[in-house]
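Participant: target.txt is reproduced in full below (compact mmCIF, C-alpha atoms and all ligand atoms).
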```txt
# COMPACT_ATOMS: atom_id res chain seq x y z
CA MET K 26 -45.91 -13.81 -94.11
CA ARG K 27 -46.59 -15.46 -90.76
CA LYS K 28 -43.80 -17.91 -91.42
CA ILE K 29 -41.38 -15.10 -92.21
CA LYS K 30 -42.35 -13.29 -88.97
CA LEU K 31 -41.85 -16.48 -87.00
CA PHE K 32 -38.49 -17.03 -88.68
CA LEU K 33 -37.39 -13.46 -87.82
CA VAL K 34 -38.42 -13.86 -84.18
CA VAL K 35 -36.53 -17.17 -83.92
CA ALA K 36 -33.46 -15.62 -85.61
CA CYS K 37 -33.51 -12.63 -83.20
CA VAL K 38 -33.79 -14.90 -80.16
CA ALA K 39 -30.91 -17.04 -81.47
CA MET K 40 -28.74 -13.94 -82.02
CA LEU K 41 -29.48 -12.62 -78.53
CA ALA K 42 -28.67 -16.01 -77.04
CA ALA K 43 -25.36 -16.06 -78.94
CA CYS K 44 -24.48 -12.60 -77.56
CA ASN K 45 -25.09 -13.77 -74.02
CA THR K 46 -22.88 -16.86 -74.40
CA LYS K 47 -19.43 -15.84 -73.19
CA PRO K 48 -16.63 -17.67 -74.98
CA ALA K 49 -14.37 -19.68 -72.63
CA GLU K 50 -11.53 -17.20 -73.16
CA THR K 51 -13.61 -14.25 -71.95
CA GLU K 52 -14.65 -16.15 -68.84
CA LYS K 53 -10.98 -16.94 -68.13
CA GLU K 54 -10.02 -13.27 -68.48
CA MET K 55 -12.83 -12.27 -66.13
CA LYS K 56 -11.04 -14.02 -63.24
CA TYR K 57 -8.53 -11.15 -63.10
CA GLU K 58 -8.86 -7.40 -63.54
CA ASN K 59 -7.27 -7.44 -66.98
CA GLU K 60 -5.19 -9.56 -69.35
CA THR K 61 -1.85 -8.30 -68.07
CA ILE K 62 -2.69 -9.29 -64.51
CA ALA K 63 -4.01 -12.63 -65.78
CA SER K 64 -0.70 -13.33 -67.57
CA ILE K 65 1.28 -12.45 -64.43
CA MET K 66 -0.90 -14.48 -62.07
CA GLU K 67 -1.33 -17.49 -64.34
CA ARG K 68 2.31 -17.87 -65.40
CA ARG K 69 3.98 -20.84 -63.72
CA SER K 70 7.35 -22.49 -64.30
CA ILE K 71 6.78 -25.35 -66.73
CA ARG K 72 8.97 -28.43 -66.41
CA LYS K 73 7.04 -30.75 -68.72
CA TYR K 74 6.52 -29.81 -72.36
CA LYS K 75 4.65 -31.16 -75.36
CA PRO K 76 7.07 -32.15 -78.12
CA GLU K 77 5.86 -29.56 -80.65
CA THR K 78 7.96 -26.45 -81.00
CA VAL K 79 6.86 -22.81 -81.07
CA ALA K 80 6.44 -21.14 -84.48
CA ARG K 81 9.23 -18.76 -85.47
CA GLU K 82 6.70 -15.93 -85.91
CA THR K 83 5.49 -16.39 -82.32
CA LEU K 84 9.08 -16.53 -81.06
CA GLU K 85 9.93 -13.33 -82.92
CA LYS K 86 6.98 -11.57 -81.26
CA ILE K 87 8.07 -12.87 -77.83
CA MET K 88 11.65 -11.69 -78.41
CA GLU K 89 10.40 -8.28 -79.51
CA CYS K 90 8.56 -8.06 -76.18
CA GLY K 91 11.76 -9.18 -74.45
CA ILE K 92 13.92 -6.42 -75.85
CA ASN K 93 11.25 -3.84 -75.01
CA ALA K 94 11.91 -4.45 -71.31
CA PRO K 95 13.00 -1.50 -69.22
CA ASN K 96 16.79 -1.41 -69.01
CA GLY K 97 19.38 0.83 -67.42
CA GLN K 98 20.17 3.94 -69.49
CA ASN K 99 18.68 2.10 -72.47
CA LYS K 100 22.05 0.36 -72.83
CA GLN K 101 20.19 -2.87 -73.71
CA SER K 102 23.05 -4.61 -71.94
CA TRP K 103 22.03 -8.07 -73.09
CA GLU K 104 22.62 -10.46 -75.95
CA VAL K 105 20.06 -13.14 -76.75
CA ARG K 106 20.51 -16.41 -78.62
CA VAL K 107 17.36 -18.38 -79.43
CA VAL K 108 17.81 -22.08 -80.12
CA ASP K 109 14.67 -23.47 -81.76
CA ASN K 110 16.39 -25.98 -84.01
CA PRO K 111 16.40 -29.41 -82.32
CA LYS K 112 19.62 -30.28 -84.14
CA VAL K 113 21.44 -27.34 -82.56
CA MET K 114 19.99 -28.21 -79.13
CA ALA K 115 21.16 -31.81 -79.65
CA GLU K 116 24.69 -30.54 -80.43
CA ILE K 117 24.66 -28.46 -77.23
CA ASN K 118 23.35 -31.40 -75.19
CA ALA K 119 26.02 -33.69 -76.66
CA VAL K 120 28.82 -31.34 -75.55
CA ILE K 121 27.33 -31.05 -72.06
CA ALA K 122 26.79 -34.82 -71.79
CA GLU K 123 30.42 -35.47 -72.77
CA ALA K 124 31.67 -32.82 -70.33
CA TYR K 125 29.76 -34.32 -67.41
CA GLY K 126 30.37 -38.03 -68.06
CA ASP K 127 28.41 -40.14 -65.58
CA LYS K 128 26.47 -37.03 -64.47
CA ALA K 129 25.37 -36.35 -68.07
CA GLU K 130 21.67 -37.00 -67.42
CA MET K 131 21.58 -34.55 -64.53
CA ALA K 132 23.50 -31.94 -66.52
CA VAL K 133 21.39 -32.18 -69.68
CA GLY K 134 18.25 -32.24 -67.52
CA CYS K 135 18.97 -28.63 -66.57
CA PHE K 136 17.03 -27.52 -69.68
CA ARG K 137 13.88 -29.22 -68.36
CA GLY K 138 13.05 -30.59 -71.81
CA ALA K 139 11.85 -27.26 -73.21
CA PRO K 140 11.83 -27.42 -77.03
CA VAL K 141 13.05 -23.83 -77.37
CA MET K 142 15.91 -22.48 -75.30
CA VAL K 143 16.73 -18.79 -74.99
CA PHE K 144 20.30 -18.11 -73.85
CA ILE K 145 20.91 -14.66 -72.40
CA ALA K 146 24.28 -12.98 -71.82
CA ARG K 147 25.03 -9.80 -69.92
CA ASP K 148 27.41 -6.96 -70.75
CA LEU K 149 30.17 -7.25 -68.16
CA SER K 150 31.06 -3.58 -68.49
CA TYR K 151 27.70 -2.47 -67.01
CA ASP K 152 27.02 -3.05 -63.30
CA PHE K 153 23.23 -3.26 -63.75
CA SER K 154 23.29 -5.67 -66.70
CA ALA K 155 22.11 -8.65 -64.63
CA TYR K 156 18.93 -6.71 -63.77
CA ASP K 157 18.44 -5.77 -67.41
CA CYS K 158 18.71 -9.45 -68.35
CA GLY K 159 16.26 -10.46 -65.61
CA LEU K 160 13.72 -7.92 -66.83
CA LEU K 161 14.22 -9.08 -70.41
CA ALA K 162 13.61 -12.66 -69.27
CA GLU K 163 10.44 -11.66 -67.43
CA ASN K 164 9.10 -9.85 -70.50
CA ILE K 165 9.83 -12.99 -72.53
CA MET K 166 7.98 -15.20 -70.04
CA LEU K 167 4.95 -12.94 -69.62
CA SER K 168 4.50 -12.29 -73.34
CA ALA K 169 4.87 -16.05 -73.91
CA GLN K 170 2.17 -16.66 -71.29
CA SER K 171 -0.13 -14.17 -73.00
CA LEU K 172 0.29 -16.12 -76.25
CA GLY K 173 -0.39 -19.49 -74.63
CA VAL K 174 3.29 -20.49 -74.57
CA GLY K 175 4.72 -22.01 -71.39
CA SER K 176 8.10 -21.00 -70.00
CA ILE K 177 10.71 -21.50 -67.34
CA CYS K 178 13.52 -19.28 -66.13
CA LEU K 179 16.67 -21.37 -65.67
CA GLY K 180 19.82 -20.55 -63.72
CA SER K 181 21.30 -24.04 -63.51
CA PRO K 182 22.44 -24.19 -67.18
CA VAL K 183 24.61 -21.16 -66.41
CA ARG K 184 26.51 -23.00 -63.69
CA ILE K 185 26.63 -26.20 -65.72
CA ILE K 186 28.05 -24.47 -68.80
CA ASN K 187 30.17 -21.67 -67.29
CA ASP K 188 31.77 -23.78 -64.55
CA ASN K 189 33.04 -26.58 -66.78
CA GLU K 190 35.75 -25.73 -69.32
CA ALA K 191 34.74 -28.73 -71.41
CA CYS K 192 31.46 -26.87 -72.15
CA ALA K 193 33.34 -24.01 -73.89
CA PRO K 194 32.20 -25.24 -77.34
CA VAL K 195 28.60 -24.49 -76.26
CA LEU K 196 29.49 -20.85 -75.67
CA GLU K 197 31.39 -20.75 -78.97
CA ARG K 198 28.34 -22.15 -80.75
CA LEU K 199 26.11 -19.49 -79.16
CA GLY K 200 28.54 -16.83 -80.31
CA PHE K 201 28.09 -14.13 -77.69
CA SER K 202 30.22 -11.02 -78.25
CA GLU K 203 33.47 -10.38 -76.43
CA GLY K 204 32.74 -8.81 -73.02
CA TYR K 205 29.41 -10.61 -72.60
CA GLU K 206 28.85 -13.39 -70.07
CA PHE K 207 26.16 -16.06 -70.37
CA CYS K 208 23.95 -15.44 -67.29
CA LEU K 209 20.41 -16.84 -67.73
CA CYS K 210 18.23 -19.17 -69.79
CA VAL K 211 14.53 -19.16 -70.55
CA GLY K 212 12.91 -22.34 -71.81
CA LEU K 213 9.80 -22.02 -73.99
CA GLY K 214 7.26 -24.49 -75.31
CA TYR K 215 3.72 -25.75 -74.97
CA ALA K 216 2.98 -26.89 -71.42
CA ASP K 217 2.20 -30.53 -70.73
CA GLU K 218 1.43 -29.82 -67.07
CA ALA K 219 -0.49 -27.19 -65.12
CA PRO K 220 1.35 -26.66 -61.84
CA GLU K 221 -0.33 -24.85 -58.98
CA ALA K 222 1.11 -21.54 -57.85
CA LYS K 223 3.62 -21.95 -55.05
CA PRO K 224 2.64 -19.98 -51.94
CA ARG K 225 4.05 -16.47 -51.76
CA MET K 226 5.21 -14.82 -48.52
CA LYS K 227 2.99 -11.78 -48.36
CA GLU K 228 4.72 -10.60 -45.17
CA LYS K 229 7.78 -9.80 -47.29
CA VAL K 230 5.89 -6.78 -48.56
CA LYS K 231 5.32 -4.01 -46.05
CA PHE K 232 3.86 -0.60 -46.57
CA VAL K 233 5.89 1.99 -44.72
CA GLU K 234 3.36 4.17 -42.90
C1 LIG U 301 16.87 -16.68 -61.52
C2 LIG U 301 16.05 -17.94 -61.56
C3 LIG U 301 16.67 -19.15 -61.75
C4 LIG U 301 15.92 -20.31 -61.81
N1 LIG U 301 16.54 -21.50 -62.06
C5 LIG U 301 15.82 -22.62 -62.18
C6 LIG U 301 16.46 -23.84 -62.51
O1 LIG U 301 17.65 -23.89 -62.74
N2 LIG U 301 15.69 -24.95 -62.61
C7 LIG U 301 14.34 -24.92 -62.40
O2 LIG U 301 13.70 -25.97 -62.51
N3 LIG U 301 13.70 -23.77 -62.08
C8 LIG U 301 14.40 -22.62 -61.98
N4 LIG U 301 13.77 -21.44 -61.70
C9 LIG U 301 12.31 -21.41 -61.53
C10 LIG U 301 11.92 -21.23 -60.07
O3 LIG U 301 12.16 -22.42 -59.37
C11 LIG U 301 10.45 -20.79 -59.98
O4 LIG U 301 10.28 -19.57 -60.64
C12 LIG U 301 9.97 -20.66 -58.54
O5 LIG U 301 9.99 -21.90 -57.88
C13 LIG U 301 8.54 -20.10 -58.44
O6 LIG U 301 7.62 -20.92 -59.15
P1 LIG U 301 6.75 -20.31 -60.37
O7 LIG U 301 7.70 -19.78 -61.41
O8 LIG U 301 5.96 -21.48 -60.90
O9 LIG U 301 5.89 -19.24 -59.81
C14 LIG U 301 14.50 -20.26 -61.66
C15 LIG U 301 13.89 -19.02 -61.50
C16 LIG U 301 14.64 -17.87 -61.47
C17 LIG U 301 13.94 -16.54 -61.36
```
Write out the structure in this file as structure tokens.

Facilitator:
Amino acid sequence: MRKIKLFLVVACVAMLAACNTKPAETEKEMKYENETIASIMERRSIRKYKPETVARETLEKIMECGINAPNGQNKQSWEVRVVDNPKVMAEINAVIAEAYGDKAEMAVGCFRGAPVMVFIARDLSYDFSAYDCGLLAENIMLSAQSLGVGSICLGSPVRIINDNEACAPVLERLGFSEGYEFCLCVGLGYADEAPEAKPRMKEKVKFVE
């Protein structure tokens, strides 16, 4: 009987101790007011990725978050092409490399080595479509962050691809609809670096009293 009592006391103490031990994740969340603010504040542009790709299921969730972004008149004035197949990315890189000749390395480097590339096009018939696409991209990056996936917003592939006629096969491969213009990329993957936040200019925000 005594032994049982002792066992129960020890078990209770152990359970209480376990309750008081915060898992690492909870401690991380505690740094900010809530998880949304943590995702916003902890997201950084990632330019070095681990080779493993992101599971299709995770990408589908991230894209669902993307298309739930606010958008003008709910026109959803974007088209999104997700390239998670390394063979397709290699085809795209080969076209770009050929188009840029001795500048191939610089040109292909525009994707920053992200294993998944999201190509976004805007509806040219809608004057606010660039904002819609930017908000979509931000939803993609923040939801990715919340799922432990690193990201980077990329403008340079747009110039590299749109400004060189020899890159037209890339756009054909992506297959955007008529009337849509490729305008932004988001790279996704697992981060192999942890960059510090770049300083922000707080004086750019003023309350009008
Ligand atoms: C519209 C846009 C275009 C960008 N284009 C590139 C790019 O082509 N290459 C790149 O390395 N980073 C690019 N970035 C990432 C920015 O450099 C980055 O967001 C900025 O320096 C702030 O750093 P942070 O994202 O880590 O807070 C782009 C970001 C935005 C919003």

Participant: If I take CA of Val230 (chain K) and atom C13 of ligand LIG 301 (chain U), how far is one from the other in Å, to one decimal?

Facilitator: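 According to the coordinates, CA of Val230 (chain K) and atom C13 of ligand LIG 301 (chain U) are separated by 16.8 Å.
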
Participant: Grab me every residue within 9 Å of ligand LIG 301 (chain U), counting all atoms listed in the file, and send it over as a VMD selection string.

Facilitator: chain K and resid 66 to 72 135 to 137 159 162 to 163 176 to 184 209 to 211 220 to 225

Participant: Take CA of Leu199 (chain K) and CA of Met114 (chain K) and report the distance between them in Å, one decimal.

Facilitator: 10.7 Å

Participant: For CA of Ile62 (chain K) and CA of Leu167 (chain K), determine how far apart the two atoms are, in Å to one decimal place.

Facilitator: 9.9 Å

Participant: Env of region 149-152 of chain K: 7 Å cut, atoms = all atoms listed in the file, seq-sep filter 5 positions within chain, self excluded. Answer as a list in words.

Facilitator: Gly204, Tyr205 and Glu206 of chain K

Participant: Please determine, counting all atoms listed in the file, which residue among K:Ile185, K:Cys208, K:Leu213, K:Val105 has the shortest atom-to-atom distance to Arg81 (chain K).

Facilitator: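 Smallest distance to Arg81 (chain K) is found for K:Leu213.
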
Participant: From the options K:Val143, K:Ser64, K:Lys112, K:Tyr57, which residue's atoms come nearest to Gly214 (chain K), counting all atoms listed in the file?

Facilitator: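 Result for the nearest residue to Gly214 (chain K): K:Val143.
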
Participant: Using only C-alpha atoms, pick whichever of K:Lys75, K:Lys128, K:Arg198, K:Arg147 has the shortest atom-to-atom distance to Glu116 (chain K).

Facilitator: K:Arg198

Participant: Just want the 9 Å neighbourhood of Thr83 (chain K), counted on only C-alpha atoms, with same-chain residues fewer than 5 positions away dropped. Output as a list in words.

Facilitator: Met88, Ala169 and Leu172 of chain K

Participant: Rank K:Leu196, K:Val79, K:Val133, K:Leu84 by their smallest atom-to-atom distance to Ala115 (chain K), using all atoms listed in the file, and report the top residue only.

Facilitator: K:Val133

Participant: Need to verify the contact set: Phe153 (chain K), 10 Å, all atoms listed in the file, exclusion of same-chain residues closer than 4 positions in sequence. Can you return it as a list in words?

Facilitator: Asn96, Gly97, Gln98, Lys100, Ser102, Arg147, Asp148, Leu149, Asp157 and Cys158 of chain K

Participant: Have a look at K:Lys231, K:Gly175, K:Val141, K:Lys86 and name the one nearest to Lys73 (chain K); count only C-alpha atoms.

Facilitator: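 Among K:Lys231, K:Gly175, K:Val141, K:Lys86, it is K:Gly175 that comes nearest to Lys73 (chain K).
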
Participant: Given the choices K:Gly200, K:Pro194, K:Gly212, K:Pro76, which gets closest to Glu123 (chain K) if the distance is worked out from all atoms listed in the file?

Facilitator: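 For Glu123 (chain K), the nearest of the candidates is K:Pro194.
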